[in-house]
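Enquirer: For reference, the structure I am asking about is given below.
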Amino acid sequence: MGRVHLGILHPTPQLTGNGSVKVLFHGDLHNEAELRASLKTQDTPLPGDGVVPLIAALYRSHGSRFASYLKGTFCAVVLDESAKKLVLANDLLGSYPLYWHDGPQRFVFASELKSILRDPSLTPTLNPRAIADYLTFGFLFGDKTLAEEVRLLPSASTLTYNWHDGRYTLESYARLDELFQPWEGSQAAYCEELRQAFNCAVGRALSGQHCFGLSLSGGLDSRAILSAVDESPTYTSTYTLGVKGCADEVIAEQLANLVGTKHRFFEIDGRYLGEFVANFQSMVSLTDGMYLSHGLTEMLALQFLEQAEFSVLLRGHGGELAKAALAWPLHTDERIHAMRSKEEFVPYLGKRLNYIGHGVPVRQLFTAEWCARLAGGARRSLEESIADTCLSPADLCSYLYLKEHHRRFTVASLELFRNLVEVRLPFVDEDFLQVLFRCPARWRDGTAIHRAIIGANFPALLSVRNSNTGAPANAGPVLEMILDKVNSVFKRLNLYGYRHYHNFERWMRQQLIESVERVLLAPDSLGREIYYAAALRHLIDETKRGAADYGYLLQILLILELWQRDNL
């Protein structure tokens, strides 16, 4: 359960001590002091030092409702031998995955899907609803996994299994849509309160006796974290990953020099491409096949992390929630802002989200059986995700980004890094989110929040250009518009200091496409009768010639085949 073997956040082994209640806890608990103070007022023995005894005491006091009292990022398991109960729990965002399977006279759970699939009672099959999501959105929705018999614990939930009668109950203790509350003050007051909440979030991310690293890019998310890190005396190093001469390399070095962090650039070179197949297979294994890479750089990052001096890594994921118009693929736009109902929202967003298989003749690619199994699945997933919410369409974009994209895409990517280090994300700190979503959606459309945080914390960081626009981060709209066009031209010309940090399109035509041909057109793969060989060959040829770009679709098909070879 969890990456307990790392022993970074909590000492190992756990499950120690006397009594019938045993606990496994992984993650960060932010309100430990408050919880201990609350137990002092109750007629209950005080717990010993550490999170595990505290969780056990809370369980004895509150039963399976204990998770509703915890604040932080975590997953936890409580084993109550006397009551013959097992309780699984996680945090508000589902920051750590817990997979489970309820079988005849048995209950199986783990933090990795592949662990559950090793259980001898399971005969796993590919989940068509999950595939429909994957091929449409690029990530799965809800509690689905690639295995039809295994589910993911929903966020803010507890699952209680009673092995006396073999039954379980699944309960939610909080709702993400409750974060969206009205703000009654000025925009300036809102920005200041949000800045303070963000700085506190960064402070929590830098807590503990750890060495810290910050993944630093040329954008604004990691820059905002860097501006708040400067207020902390904790030693922090920074690193940047990319092709030589990319914009991130040049800009990140300038930012690091301003703050004075120990900085290192890690180059994506030909060696990485030469080891592509092995790296890709490892990525599929570590993410249980549920992560679609948008740059194919993650496994190189792991090679760097093996040498890194830090054990806890800060990343800027979730920063898109504070600039919703840039939160692709669930970004806001003028049409979204003009909408007034879900009836308008669902068909429009469903069509816009479909960037994976858009334009691909599904009936020609997939066999008739799989066409029938995939039909309408993605649309149902989108409708189910927002069925019981009453938010505006603009707020629904952020709600879906947090509930689905963050939990099913970002968290999957973090499992790669968590194989070696712990990861903390200040932008999805619960206290920060409670302030962030208390404003009109328009206030968090652009980069104003990021610029307000950086400008108040460390104004000099705003003078360095933004890699996304080519303009200084404090530039006005006219200058930004002009320099954005220049930046785009320089990026296309592949000029030093303006290059993109990866070359996914080139890698696709060189390395990934060779793997796709070798794996997907192999007899074993075609024997699964999921797709037609001729149609697949056409997509491959079109991509190789540059006539069309089916890179993400082919990558997903490759992921699915490699995952099936490992697990089915």
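Here, A, B, ... name the chains of the structure tokens in the order displayed, residue numbers run from 1 inside each chain, and ligands are numbered from 1 in the same displayed order.
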Could you give me, as a ChimeraX atom specification, the residues within 7 Å of stretch 95-109 of chain A, counting only C-alpha atoms and dropping anything in the same chain fewer than 6 positions from it?
Expert: /A:73-75,116,149-153,166,407,411
Enquirer: Now that the selection is made, can you save its residues with C-alpha atoms as a short mmCIF file (atom, residue, chain, number, x, y, z; two decimals), in the first residue's frame?
Expert:
data_model
loop_
_atom_site.label_atom_id
_atom_site.label_comp_id
_atom_site.auth_asym_id
_atom_site.auth_seq_id
_atom_site.Cartn_x
_atom_site.Cartn_y
_atom_site.Cartn_z
CA THR A 73 -2.60 14.10 0.84
CA PHE A 74 -2.80 10.44 1.80
CA CYS A 75 -4.14 6.95 1.44
CA ILE A 116 -4.15 -7.06 -7.67
CA GLU A 149 -12.91 -6.46 -12.48
CA VAL A 150 -10.83 -3.88 -10.59
CA ARG A 151 -11.88 -0.39 -9.46
CA LEU A 152 -10.10 2.70 -8.13
CA LEU A 153 -11.21 4.08 -4.78
CA GLY A 166 -18.26 -10.62 2.90
CA ARG A 407 -6.78 12.41 -10.45
CA VAL A 411 -1.61 11.29 -10.37
#
Enquirer: Show me, as an MDAnalysis selection string, the residues that have an atom within 9 Å of A:Leu313 when counting only C-alpha atoms, minus same-chain residues fewer than 5 positions from it.
Expert: chainID A and resid 211:215 417 421:425
Enquirer: I need the residues from that last selection saved to file as a PDB file, in the first residue's frame (with N, CA, C and O atoms), if you can.
Expert:
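Output saved as selection35.pdb:
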ATOM      1  N   CYS A 211      15.571  16.700   2.058  1.00  0.00           N
ATOM      2  CA  CYS A 211      16.180  17.543   1.029  1.00  0.00           C
ATOM      3  C   CYS A 211      15.152  17.702  -0.084  1.00  0.00           C
ATOM      4  O   CYS A 211      14.540  16.730  -0.522  1.00  0.00           O
ATOM      5  N   PHE A 212      14.959  18.947  -0.537  1.00  0.00           N
ATOM      6  CA  PHE A 212      13.878  19.240  -1.472  1.00  0.00           C
ATOM      7  C   PHE A 212      14.423  19.626  -2.836  1.00  0.00           C
ATOM      8  O   PHE A 212      15.455  20.290  -2.954  1.00  0.00           O
ATOM      9  N   GLY A 213      13.670  19.230  -3.855  1.00  0.00           N
ATOM     10  CA  GLY A 213      13.958  19.636  -5.219  1.00  0.00           C
ATOM     11  C   GLY A 213      12.730  20.268  -5.836  1.00  0.00           C
ATOM     12  O   GLY A 213      11.605  19.935  -5.476  1.00  0.00           O
ATOM     13  N   LEU A 214      12.939  21.193  -6.756  1.00  0.00           N
ATOM     14  CA  LEU A 214      11.840  21.838  -7.479  1.00  0.00           C
ATOM     15  C   LEU A 214      12.060  21.648  -8.970  1.00  0.00           C
ATOM     16  O   LEU A 214      13.112  22.019  -9.501  1.00  0.00           O
ATOM     17  N   SER A 215      11.081  21.076  -9.642  1.00  0.00           N
ATOM     18  CA  SER A 215      11.125  20.949 -11.100  1.00  0.00           C
ATOM     19  C   SER A 215      10.800  22.308 -11.695  1.00  0.00           C
ATOM     20  O   SER A 215       9.670  22.783 -11.603  1.00  0.00           O
ATOM     21  N   PHE A 417       7.404   9.205 -10.773  1.00  0.00           N
ATOM     22  CA  PHE A 417       8.365   9.868  -9.893  1.00  0.00           C
ATOM     23  C   PHE A 417       8.373   9.237  -8.498  1.00  0.00           C
ATOM     24  O   PHE A 417       9.411   9.134  -7.853  1.00  0.00           O
ATOM     25  N   VAL A 421      11.151   9.103  -5.501  1.00  0.00           N
ATOM     26  CA  VAL A 421      11.067  10.211  -4.549  1.00  0.00           C
ATOM     27  C   VAL A 421       9.606  10.468  -4.215  1.00  0.00           C
ATOM     28  O   VAL A 421       8.708   9.992  -4.897  1.00  0.00           O
ATOM     29  N   GLU A 422       9.375  11.226  -3.168  1.00  0.00           N
ATOM     30  CA  GLU A 422       8.024  11.689  -2.880  1.00  0.00           C
ATOM     31  C   GLU A 422       7.768  12.978  -3.658  1.00  0.00           C
ATOM     32  O   GLU A 422       8.706  13.720  -3.978  1.00  0.00           O
ATOM     33  N   VAL A 423       6.508  13.255  -3.972  1.00  0.00           N
ATOM     34  CA  VAL A 423       6.144  14.432  -4.753  1.00  0.00           C
ATOM     35  C   VAL A 423       5.090  15.225  -4.001  1.00  0.00           C
ATOM     36  O   VAL A 423       4.112  14.658  -3.498  1.00  0.00           O
ATOM     37  N   ARG A 424       5.271  16.535  -3.930  1.00  0.00           N
ATOM     38  CA  ARG A 424       4.290  17.423  -3.308  1.00  0.00           C
ATOM     39  C   ARG A 424       3.890  18.519  -4.299  1.00  0.00           C
ATOM     40  O   ARG A 424       4.735  19.029  -5.031  1.00  0.00           O
ATOM     41  N   LEU A 425       2.600  18.885  -4.264  1.00  0.00           N
ATOM     42  CA  LEU A 425       2.025  19.801  -5.248  1.00  0.00           C
ATOM     43  C   LEU A 425       1.324  20.955  -4.544  1.00  0.00           C
ATOM     44  O   LEU A 425       0.142  20.849  -4.177  1.00  0.00           O
TER      45      LEU A 425
END
Enquirer: Excluding stretch 477-489 of chain A and its own-chain neighbours fewer than 2 positions away, which residues fall within 12 Å of it when counting only C-alpha atoms? Please give them as a list in words.
Expert: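 The filter keeps Ala247, Gly446, Thr447, Ala448, Arg465, Asn466, Ser467, Asn468, Thr469, Gly470, Ala471, Pro472, Ala473, Asn474, Ala475, Lys491, Arg492, Leu493, Asn494, Leu495, Tyr496, Gly497, Tyr498, Arg499 and His500 of chain A.
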Enquirer: What's around A:Cys390 at 9 Å? Count only C-alpha atoms, leave out sequence neighbours fewer than 6 positions away in its own chain, and write the answer as number ranges by chain.
Expert: A: 177, 342, 396
Enquirer: Those selected residues, please, written with N, CA, C and O atoms and delivered as a PDB file, in the first residue's frame.
Expert:
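Contents of result06.pdb, freshly written:
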ATOM      1  N   ASP A 177     -17.302  19.838  -5.388  1.00  0.00           N
ATOM      2  CA  ASP A 177     -18.050  21.022  -5.830  1.00  0.00           C
ATOM      3  C   ASP A 177     -18.359  21.974  -4.679  1.00  0.00           C
ATOM      4  O   ASP A 177     -18.723  23.135  -4.904  1.00  0.00           O
ATOM      5  N   LYS A 342     -25.941  22.518 -18.539  1.00  0.00           N
ATOM      6  CA  LYS A 342     -25.209  21.306 -18.877  1.00  0.00           C
ATOM      7  C   LYS A 342     -25.600  20.788 -20.257  1.00  0.00           C
ATOM      8  O   LYS A 342     -24.796  20.140 -20.931  1.00  0.00           O
ATOM      9  N   LEU A 396     -17.552  24.156 -14.096  1.00  0.00           N
ATOM     10  CA  LEU A 396     -17.511  22.723 -14.396  1.00  0.00           C
ATOM     11  C   LEU A 396     -16.194  22.336 -15.061  1.00  0.00           C
ATOM     12  O   LEU A 396     -15.691  21.225 -14.853  1.00  0.00           O
TER      13      LEU A 396
END
Enquirer: From the DSSP assignment of the backbone, select every residue of stretch 436-567 of chain A that is alpha helix (DSSP H), and format the answer as JSON, numbers by chain.
Expert: {"A": [436, 448, 449, 450, 451, 452, 453, 454, 455, 456, 457, 477, 478, 479, 480, 481, 482, 483, 484, 485, 486, 487, 488, 489, 490, 491, 492, 504, 505, 506, 507, 513, 514, 515, 516, 517, 518, 519, 520, 523, 524, 525, 526, 533, 534, 535, 536, 537, 538, 539, 540, 541, 542, 543, 544, 545, 551, 552, 553, 554, 555, 556, 557, 558, 559, 560, 561, 562, 563, 564, 565, 566, 567]}
Enquirer: Write out as a list in words the residues lying within 10 Å of A:Thr410, counting only C-alpha atoms and excluding same-chain residues fewer than 3 positions away.
Expert: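 Neighbouring residues, sequence-local ones excluded: Ser95, Phe139, Tyr291, His317, Gly318, Leu402, Glu404, His405, His406, Arg407, Ser413, Leu414 and Glu415 of chain A.
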Enquirer: Output N, CA and C atoms of each residue in that selection to a file, as an mmCIF file, in the first residue's frame.
Expert:
data_model
loop_
_atom_site.group_PDB
_atom_site.id
_atom_site.type_symbol
_atom_site.label_atom_id
_atom_site.label_comp_id
_atom_site.auth_asym_id
_atom_site.auth_seq_id
_atom_site.Cartn_x
_atom_site.Cartn_y
_atom_site.Cartn_z
ATOM 1 N N SER A 95 -5.157 11.628 -3.998
ATOM 2 C CA SER A 95 -3.787 11.910 -4.421
ATOM 3 C C SER A 95 -2.921 10.668 -4.560
ATOM 4 N N PHE A 139 -7.295 9.967 -21.029
ATOM 5 C CA PHE A 139 -7.214 9.469 -19.655
ATOM 6 C C PHE A 139 -8.567 8.875 -19.280
ATOM 7 N N TYR A 291 -1.299 6.009 -18.286
ATOM 8 C CA TYR A 291 -0.723 7.340 -18.478
ATOM 9 C C TYR A 291 -0.284 7.513 -19.923
ATOM 10 N N HIS A 317 2.147 20.994 -10.942
ATOM 11 C CA HIS A 317 0.859 20.461 -11.380
ATOM 12 C C HIS A 317 -0.284 21.110 -10.610
ATOM 13 N N GLY A 318 -1.364 21.379 -11.311
ATOM 14 C CA GLY A 318 -2.514 22.036 -10.691
ATOM 15 C C GLY A 318 -2.497 23.539 -10.862
ATOM 16 N N LEU A 402 -10.022 19.059 -11.931
ATOM 17 C CA LEU A 402 -9.566 18.594 -10.625
ATOM 18 C C LEU A 402 -10.024 17.168 -10.352
ATOM 19 N N GLU A 404 -11.245 14.756 -12.494
ATOM 20 C CA GLU A 404 -10.917 13.709 -13.446
ATOM 21 C C GLU A 404 -9.495 13.824 -13.997
ATOM 22 N N HIS A 405 -9.154 14.975 -14.591
ATOM 23 C CA HIS A 405 -7.839 15.099 -15.217
ATOM 24 C C HIS A 405 -6.718 14.992 -14.187
ATOM 25 N N HIS A 406 -6.828 15.726 -13.094
ATOM 26 C CA HIS A 406 -5.771 15.676 -12.085
ATOM 27 C C HIS A 406 -5.659 14.270 -11.490
ATOM 28 N N ARG A 407 -6.793 13.693 -11.152
ATOM 29 C CA ARG A 407 -6.777 12.410 -10.453
ATOM 30 C C ARG A 407 -6.407 11.246 -11.361
ATOM 31 N N SER A 413 0.833 10.092 -13.708
ATOM 32 C CA SER A 413 2.209 10.488 -14.057
ATOM 33 C C SER A 413 3.099 10.547 -12.824
ATOM 34 N N LEU A 414 2.527 10.948 -11.685
ATOM 35 C CA LEU A 414 3.316 11.055 -10.461
ATOM 36 C C LEU A 414 3.780 9.700 -9.957
ATOM 37 N N GLU A 415 3.064 8.630 -10.318
ATOM 38 C CA GLU A 415 3.491 7.302 -9.902
ATOM 39 C C GLU A 415 4.868 6.963 -10.467
#
Enquirer: Show me, as a PDB file with all heavy atoms, in the first residue's frame, the residues that have an atom within 12 Å of A:Asp431 when counting only C-alpha atoms, minus same-chain residues fewer than 6 positions from it.
Expert:
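Below is the file that was written, result_39.pdb:
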ATOM      1  N   HIS A  30      -1.601  17.140   7.449  1.00  0.00           N
ATOM      2  CA  HIS A  30      -1.312  18.546   7.734  1.00  0.00           C
ATOM      3  C   HIS A  30      -1.873  19.033   9.063  1.00  0.00           C
ATOM      4  O   HIS A  30      -1.449  20.076   9.563  1.00  0.00           O
ATOM      5  CB  HIS A  30      -1.865  19.426   6.602  1.00  0.00           C
ATOM      6  CG  HIS A  30      -1.199  19.193   5.287  1.00  0.00           C
ATOM      7  ND1 HIS A  30      -1.793  19.486   4.079  1.00  0.00           N
ATOM      8  CD2 HIS A  30       0.035  18.682   4.982  1.00  0.00           C
ATOM      9  CE1 HIS A  30      -0.967  19.167   3.094  1.00  0.00           C
ATOM     10  NE2 HIS A  30       0.139  18.685   3.621  1.00  0.00           N
ATOM     11  N   ASN A  31      -2.852  18.328   9.619  1.00  0.00           N
ATOM     12  CA  ASN A  31      -3.500  18.823  10.848  1.00  0.00           C
ATOM     13  C   ASN A  31      -3.273  17.891  12.024  1.00  0.00           C
ATOM     14  O   ASN A  31      -4.154  17.695  12.855  1.00  0.00           O
ATOM     15  CB  ASN A  31      -4.993  19.038  10.614  1.00  0.00           C
ATOM     16  CG  ASN A  31      -5.735  17.766  10.256  1.00  0.00           C
ATOM     17  OD1 ASN A  31      -5.143  16.835   9.710  1.00  0.00           O
ATOM     18  ND2 ASN A  31      -7.022  17.716  10.553  1.00  0.00           N
ATOM     19  N   LYS A  71      -6.700  16.145   7.114  1.00  0.00           N
ATOM     20  CA  LYS A  71      -6.396  17.095   6.046  1.00  0.00           C
ATOM     21  C   LYS A  71      -4.983  16.817   5.554  1.00  0.00           C
ATOM     22  O   LYS A  71      -4.049  16.744   6.349  1.00  0.00           O
ATOM     23  CB  LYS A  71      -6.501  18.545   6.537  1.00  0.00           C
ATOM     24  CG  LYS A  71      -7.920  19.021   6.787  1.00  0.00           C
ATOM     25  CD  LYS A  71      -7.960  20.473   7.207  1.00  0.00           C
ATOM     26  CE  LYS A  71      -7.481  21.381   6.100  1.00  0.00           C
ATOM     27  NZ  LYS A  71      -7.639  22.824   6.442  1.00  0.00           N
ATOM     28  N   GLY A  72      -4.848  16.688   4.256  1.00  0.00           N
ATOM     29  CA  GLY A  72      -3.537  16.424   3.689  1.00  0.00           C
ATOM     30  C   GLY A  72      -3.668  15.634   2.405  1.00  0.00           C
ATOM     31  O   GLY A  72      -4.712  15.639   1.747  1.00  0.00           O
ATOM     32  N   THR A  73      -2.599  14.972   2.016  1.00  0.00           N
ATOM     33  CA  THR A  73      -2.596  14.101   0.845  1.00  0.00           C
ATOM     34  C   THR A  73      -2.198  12.717   1.333  1.00  0.00           C
ATOM     35  O   THR A  73      -1.088  12.539   1.839  1.00  0.00           O
ATOM     36  CB  THR A  73      -1.607  14.601  -0.217  1.00  0.00           C
ATOM     37  OG1 THR A  73      -0.294  14.693   0.354  1.00  0.00           O
ATOM     38  CG2 THR A  73      -2.011  15.977  -0.727  1.00  0.00           C
ATOM     39  N   LEU A  92      -9.079  14.208  -0.109  1.00  0.00           N
ATOM     40  CA  LEU A  92     -10.091  14.916  -0.881  1.00  0.00           C
ATOM     41  C   LEU A  92      -9.903  14.756  -2.382  1.00  0.00           C
ATOM     42  O   LEU A  92     -10.872  14.714  -3.135  1.00  0.00           O
ATOM     43  CB  LEU A  92     -10.070  16.407  -0.505  1.00  0.00           C
ATOM     44  CG  LEU A  92     -11.073  17.321  -1.206  1.00  0.00           C
ATOM     45  CD1 LEU A  92     -12.495  16.985  -0.761  1.00  0.00           C
ATOM     46  CD2 LEU A  92     -10.755  18.782  -0.934  1.00  0.00           C
ATOM     47  N   LEU A 179     -16.166  23.195  -2.840  1.00  0.00           N
ATOM     48  CA  LEU A 179     -15.071  24.167  -2.804  1.00  0.00           C
ATOM     49  C   LEU A 179     -15.458  25.471  -3.493  1.00  0.00           C
ATOM     50  O   LEU A 179     -14.871  26.520  -3.215  1.00  0.00           O
ATOM     51  CB  LEU A 179     -13.832  23.593  -3.494  1.00  0.00           C
ATOM     52  CG  LEU A 179     -13.137  22.405  -2.824  1.00  0.00           C
ATOM     53  CD1 LEU A 179     -12.071  21.828  -3.755  1.00  0.00           C
ATOM     54  CD2 LEU A 179     -12.506  22.825  -1.497  1.00  0.00           C
ATOM     55  N   GLU A 193      -5.300  37.308  -0.226  1.00  0.00           N
ATOM     56  CA  GLU A 193      -5.607  36.132   0.603  1.00  0.00           C
ATOM     57  C   GLU A 193      -5.138  34.861  -0.094  1.00  0.00           C
ATOM     58  O   GLU A 193      -4.631  33.933   0.547  1.00  0.00           O
ATOM     59  CB  GLU A 193      -7.107  36.060   0.894  1.00  0.00           C
ATOM     60  CG  GLU A 193      -7.470  34.903   1.820  1.00  0.00           C
ATOM     61  CD  GLU A 193      -8.894  34.955   2.336  1.00  0.00           C
ATOM     62  OE1 GLU A 193      -9.465  36.070   2.390  1.00  0.00           O
ATOM     63  OE2 GLU A 193      -9.437  33.896   2.696  1.00  0.00           O
ATOM     64  N   LEU A 194      -5.297  34.838  -1.413  1.00  0.00           N
ATOM     65  CA  LEU A 194      -4.861  33.664  -2.166  1.00  0.00           C
ATOM     66  C   LEU A 194      -3.343  33.529  -2.117  1.00  0.00           C
ATOM     67  O   LEU A 194      -2.817  32.410  -1.991  1.00  0.00           O
ATOM     68  CB  LEU A 194      -5.345  33.787  -3.612  1.00  0.00           C
ATOM     69  CG  LEU A 194      -5.193  32.542  -4.492  1.00  0.00           C
ATOM     70  CD1 LEU A 194      -6.029  31.400  -3.952  1.00  0.00           C
ATOM     71  CD2 LEU A 194      -5.598  32.850  -5.931  1.00  0.00           C
ATOM     72  N   ARG A 195      -2.627  34.654  -2.210  1.00  0.00           N
ATOM     73  CA  ARG A 195      -1.166  34.604  -2.132  1.00  0.00           C
ATOM     74  C   ARG A 195      -0.724  34.049  -0.789  1.00  0.00           C
ATOM     75  O   ARG A 195       0.192  33.215  -0.709  1.00  0.00           O
ATOM     76  CB  ARG A 195      -0.569  35.995  -2.345  1.00  0.00           C
ATOM     77  CG  ARG A 195       0.966  36.011  -2.334  1.00  0.00           C
ATOM     78  CD  ARG A 195       1.499  37.421  -2.392  1.00  0.00           C
ATOM     79  NE  ARG A 195       1.304  38.127  -1.132  1.00  0.00           N
ATOM     80  CZ  ARG A 195       2.176  38.104  -0.121  1.00  0.00           C
ATOM     81  NH1 ARG A 195       3.303  37.404  -0.225  1.00  0.00           N
ATOM     82  NH2 ARG A 195       1.935  38.779   0.975  1.00  0.00           N
ATOM     83  N   GLN A 196      -1.351  34.504   0.272  1.00  0.00           N
ATOM     84  CA  GLN A 196      -0.986  34.008   1.596  1.00  0.00           C
ATOM     85  C   GLN A 196      -1.274  32.519   1.724  1.00  0.00           C
ATOM     86  O   GLN A 196      -0.478  31.765   2.298  1.00  0.00           O
ATOM     87  CB  GLN A 196      -1.734  34.802   2.668  1.00  0.00           C
ATOM     88  CG  GLN A 196      -1.320  36.262   2.755  1.00  0.00           C
ATOM     89  CD  GLN A 196      -2.099  37.023   3.809  1.00  0.00           C
ATOM     90  OE1 GLN A 196      -2.714  36.443   4.697  1.00  0.00           O
ATOM     91  NE2 GLN A 196      -2.090  38.347   3.713  1.00  0.00           N
ATOM     92  N   ALA A 197      -2.407  32.079   1.169  1.00  0.00           N
ATOM     93  CA  ALA A 197      -2.739  30.660   1.214  1.00  0.00           C
ATOM     94  C   ALA A 197      -1.734  29.844   0.410  1.00  0.00           C
ATOM     95  O   ALA A 197      -1.347  28.735   0.805  1.00  0.00           O
ATOM     96  CB  ALA A 197      -4.156  30.441   0.678  1.00  0.00           C
ATOM     97  N   PHE A 198      -1.295  30.397  -0.720  1.00  0.00           N
ATOM     98  CA  PHE A 198      -0.329  29.684  -1.558  1.00  0.00           C
ATOM     99  C   PHE A 198       1.020  29.586  -0.856  1.00  0.00           C
ATOM    100  O   PHE A 198       1.659  28.526  -0.859  1.00  0.00           O
ATOM    101  CB  PHE A 198      -0.167  30.400  -2.894  1.00  0.00           C
ATOM    102  CG  PHE A 198       0.796  29.713  -3.824  1.00  0.00           C
ATOM    103  CD1 PHE A 198       0.445  28.536  -4.459  1.00  0.00           C
ATOM    104  CD2 PHE A 198       2.061  30.244  -4.052  1.00  0.00           C
ATOM    105  CE1 PHE A 198       1.335  27.883  -5.313  1.00  0.00           C
ATOM    106  CE2 PHE A 198       2.951  29.602  -4.904  1.00  0.00           C
ATOM    107  CZ  PHE A 198       2.583  28.427  -5.534  1.00  0.00           C
ATOM    108  N   ASN A 199       1.459  30.670  -0.239  1.00  0.00           N
ATOM    109  CA  ASN A 199       2.733  30.644   0.472  1.00  0.00           C
ATOM    110  C   ASN A 199       2.706  29.643   1.621  1.00  0.00           C
ATOM    111  O   ASN A 199       3.694  28.942   1.883  1.00  0.00           O
ATOM    112  CB  ASN A 199       3.083  32.035   0.995  1.00  0.00           C
ATOM    113  CG  ASN A 199       3.491  32.984  -0.126  1.00  0.00           C
ATOM    114  OD1 ASN A 199       3.638  32.570  -1.274  1.00  0.00           O
ATOM    115  ND2 ASN A 199       3.668  34.256   0.192  1.00  0.00           N
ATOM    116  N   CYS A 200       1.558  29.536   2.292  1.00  0.00           N
ATOM    117  CA  CYS A 200       1.413  28.531   3.350  1.00  0.00           C
ATOM    118  C   CYS A 200       1.470  27.126   2.762  1.00  0.00           C
ATOM    119  O   CYS A 200       2.042  26.212   3.365  1.00  0.00           O
ATOM    120  CB  CYS A 200       0.110  28.736   4.108  1.00  0.00           C
ATOM    121  SG  CYS A 200       0.078  30.206   5.167  1.00  0.00           S
ATOM    122  N   ALA A 201       0.879  26.960   1.575  1.00  0.00           N
ATOM    123  CA  ALA A 201       0.908  25.654   0.910  1.00  0.00           C
ATOM    124  C   ALA A 201       2.336  25.256   0.557  1.00  0.00           C
ATOM    125  O   ALA A 201       2.739  24.098   0.736  1.00  0.00           O
ATOM    126  CB  ALA A 201       0.036  25.690  -0.341  1.00  0.00           C
ATOM    127  N   VAL A 202       3.116  26.210   0.047  1.00  0.00           N
ATOM    128  CA  VAL A 202       4.516  25.926  -0.265  1.00  0.00           C
ATOM    129  C   VAL A 202       5.282  25.617   1.022  1.00  0.00           C
ATOM    130  O   VAL A 202       6.125  24.706   1.050  1.00  0.00           O
ATOM    131  CB  VAL A 202       5.161  27.104  -1.023  1.00  0.00           C
ATOM    132  CG1 VAL A 202       6.663  26.869  -1.220  1.00  0.00           C
ATOM    133  CG2 VAL A 202       4.487  27.302  -2.371  1.00  0.00           C
ATOM    134  N   ARG A 204       4.075  24.197   3.685  1.00  0.00           N
ATOM    135  CA  ARG A 204       3.758  22.812   4.052  1.00  0.00           C
ATOM    136  C   ARG A 204       4.504  21.823   3.161  1.00  0.00           C
ATOM    137  O   ARG A 204       4.927  20.752   3.618  1.00  0.00           O
ATOM    138  CB  ARG A 204       2.250  22.575   3.960  1.00  0.00           C
ATOM    139  CG  ARG A 204       1.464  23.077   5.160  1.00  0.00           C
ATOM    140  CD  ARG A 204       0.019  22.669   5.105  1.00  0.00           C
ATOM    141  NE  ARG A 204      -0.722  23.434   4.125  1.00  0.00           N
ATOM    142  CZ  ARG A 204      -1.312  24.593   4.364  1.00  0.00           C
ATOM    143  NH1 ARG A 204      -1.214  25.143   5.572  1.00  0.00           N
ATOM    144  NH2 ARG A 204      -1.985  25.233   3.425  1.00  0.00           N
ATOM    145  N   PHE A 437     -11.180  28.783  -5.427  1.00  0.00           N
ATOM    146  CA  PHE A 437     -12.477  28.608  -6.085  1.00  0.00           C
ATOM    147  C   PHE A 437     -13.573  29.492  -5.505  1.00  0.00           C
ATOM    148  O   PHE A 437     -14.740  29.320  -5.827  1.00  0.00           O
ATOM    149  CB  PHE A 437     -12.898  27.134  -6.020  1.00  0.00           C
ATOM    150  CG  PHE A 437     -12.059  26.235  -6.863  1.00  0.00           C
ATOM    151  CD1 PHE A 437     -11.554  25.045  -6.357  1.00  0.00           C
ATOM    152  CD2 PHE A 437     -11.757  26.562  -8.175  1.00  0.00           C
ATOM    153  CE1 PHE A 437     -10.776  24.213  -7.137  1.00  0.00           C
ATOM    154  CE2 PHE A 437     -10.974  25.741  -8.967  1.00  0.00           C
ATOM    155  CZ  PHE A 437     -10.480  24.560  -8.446  1.00  0.00           C
ATOM    156  N   ARG A 438     -13.191  30.450  -4.696  1.00  0.00           N
ATOM    157  CA  ARG A 438     -14.184  31.356  -4.115  1.00  0.00           C
ATOM    158  C   ARG A 438     -14.331  32.649  -4.924  1.00  0.00           C
ATOM    159  O   ARG A 438     -14.808  33.646  -4.413  1.00  0.00           O
ATOM    160  CB  ARG A 438     -13.802  31.707  -2.672  1.00  0.00           C
ATOM    161  CG  ARG A 438     -13.976  30.575  -1.672  1.00  0.00           C
ATOM    162  CD  ARG A 438     -13.620  31.034  -0.291  1.00  0.00           C
ATOM    163  NE  ARG A 438     -14.487  32.145   0.135  1.00  0.00           N
ATOM    164  CZ  ARG A 438     -14.216  32.942   1.159  1.00  0.00           C
ATOM    165  NH1 ARG A 438     -13.075  32.795   1.829  1.00  0.00           N
ATOM    166  NH2 ARG A 438     -15.049  33.906   1.492  1.00  0.00           N
TER     167      ARG A 438
END
Enquirer: If we count only C-alpha atoms, what is near A:Pro124 at a cut-off of 7 Å, once residues fewer than 4 positions away on the same chain are taken out, given as a PyMOL selection string?
Expert: chain A and resi 117+147-149+568
Enquirer: Based on the backbone DSSP call, show me all residues of stretch 284-488 of chain A assigned strand (DSSP E), as a PyMOL selection string.
Expert: chain A and resi 312-314+422-424
Enquirer: For A:Met290, which residue among A:Leu93, A:Ala535, A:Leu526, A:Ile131 is the nearest when counting only C-alpha atoms?
Expert: A:Ile131
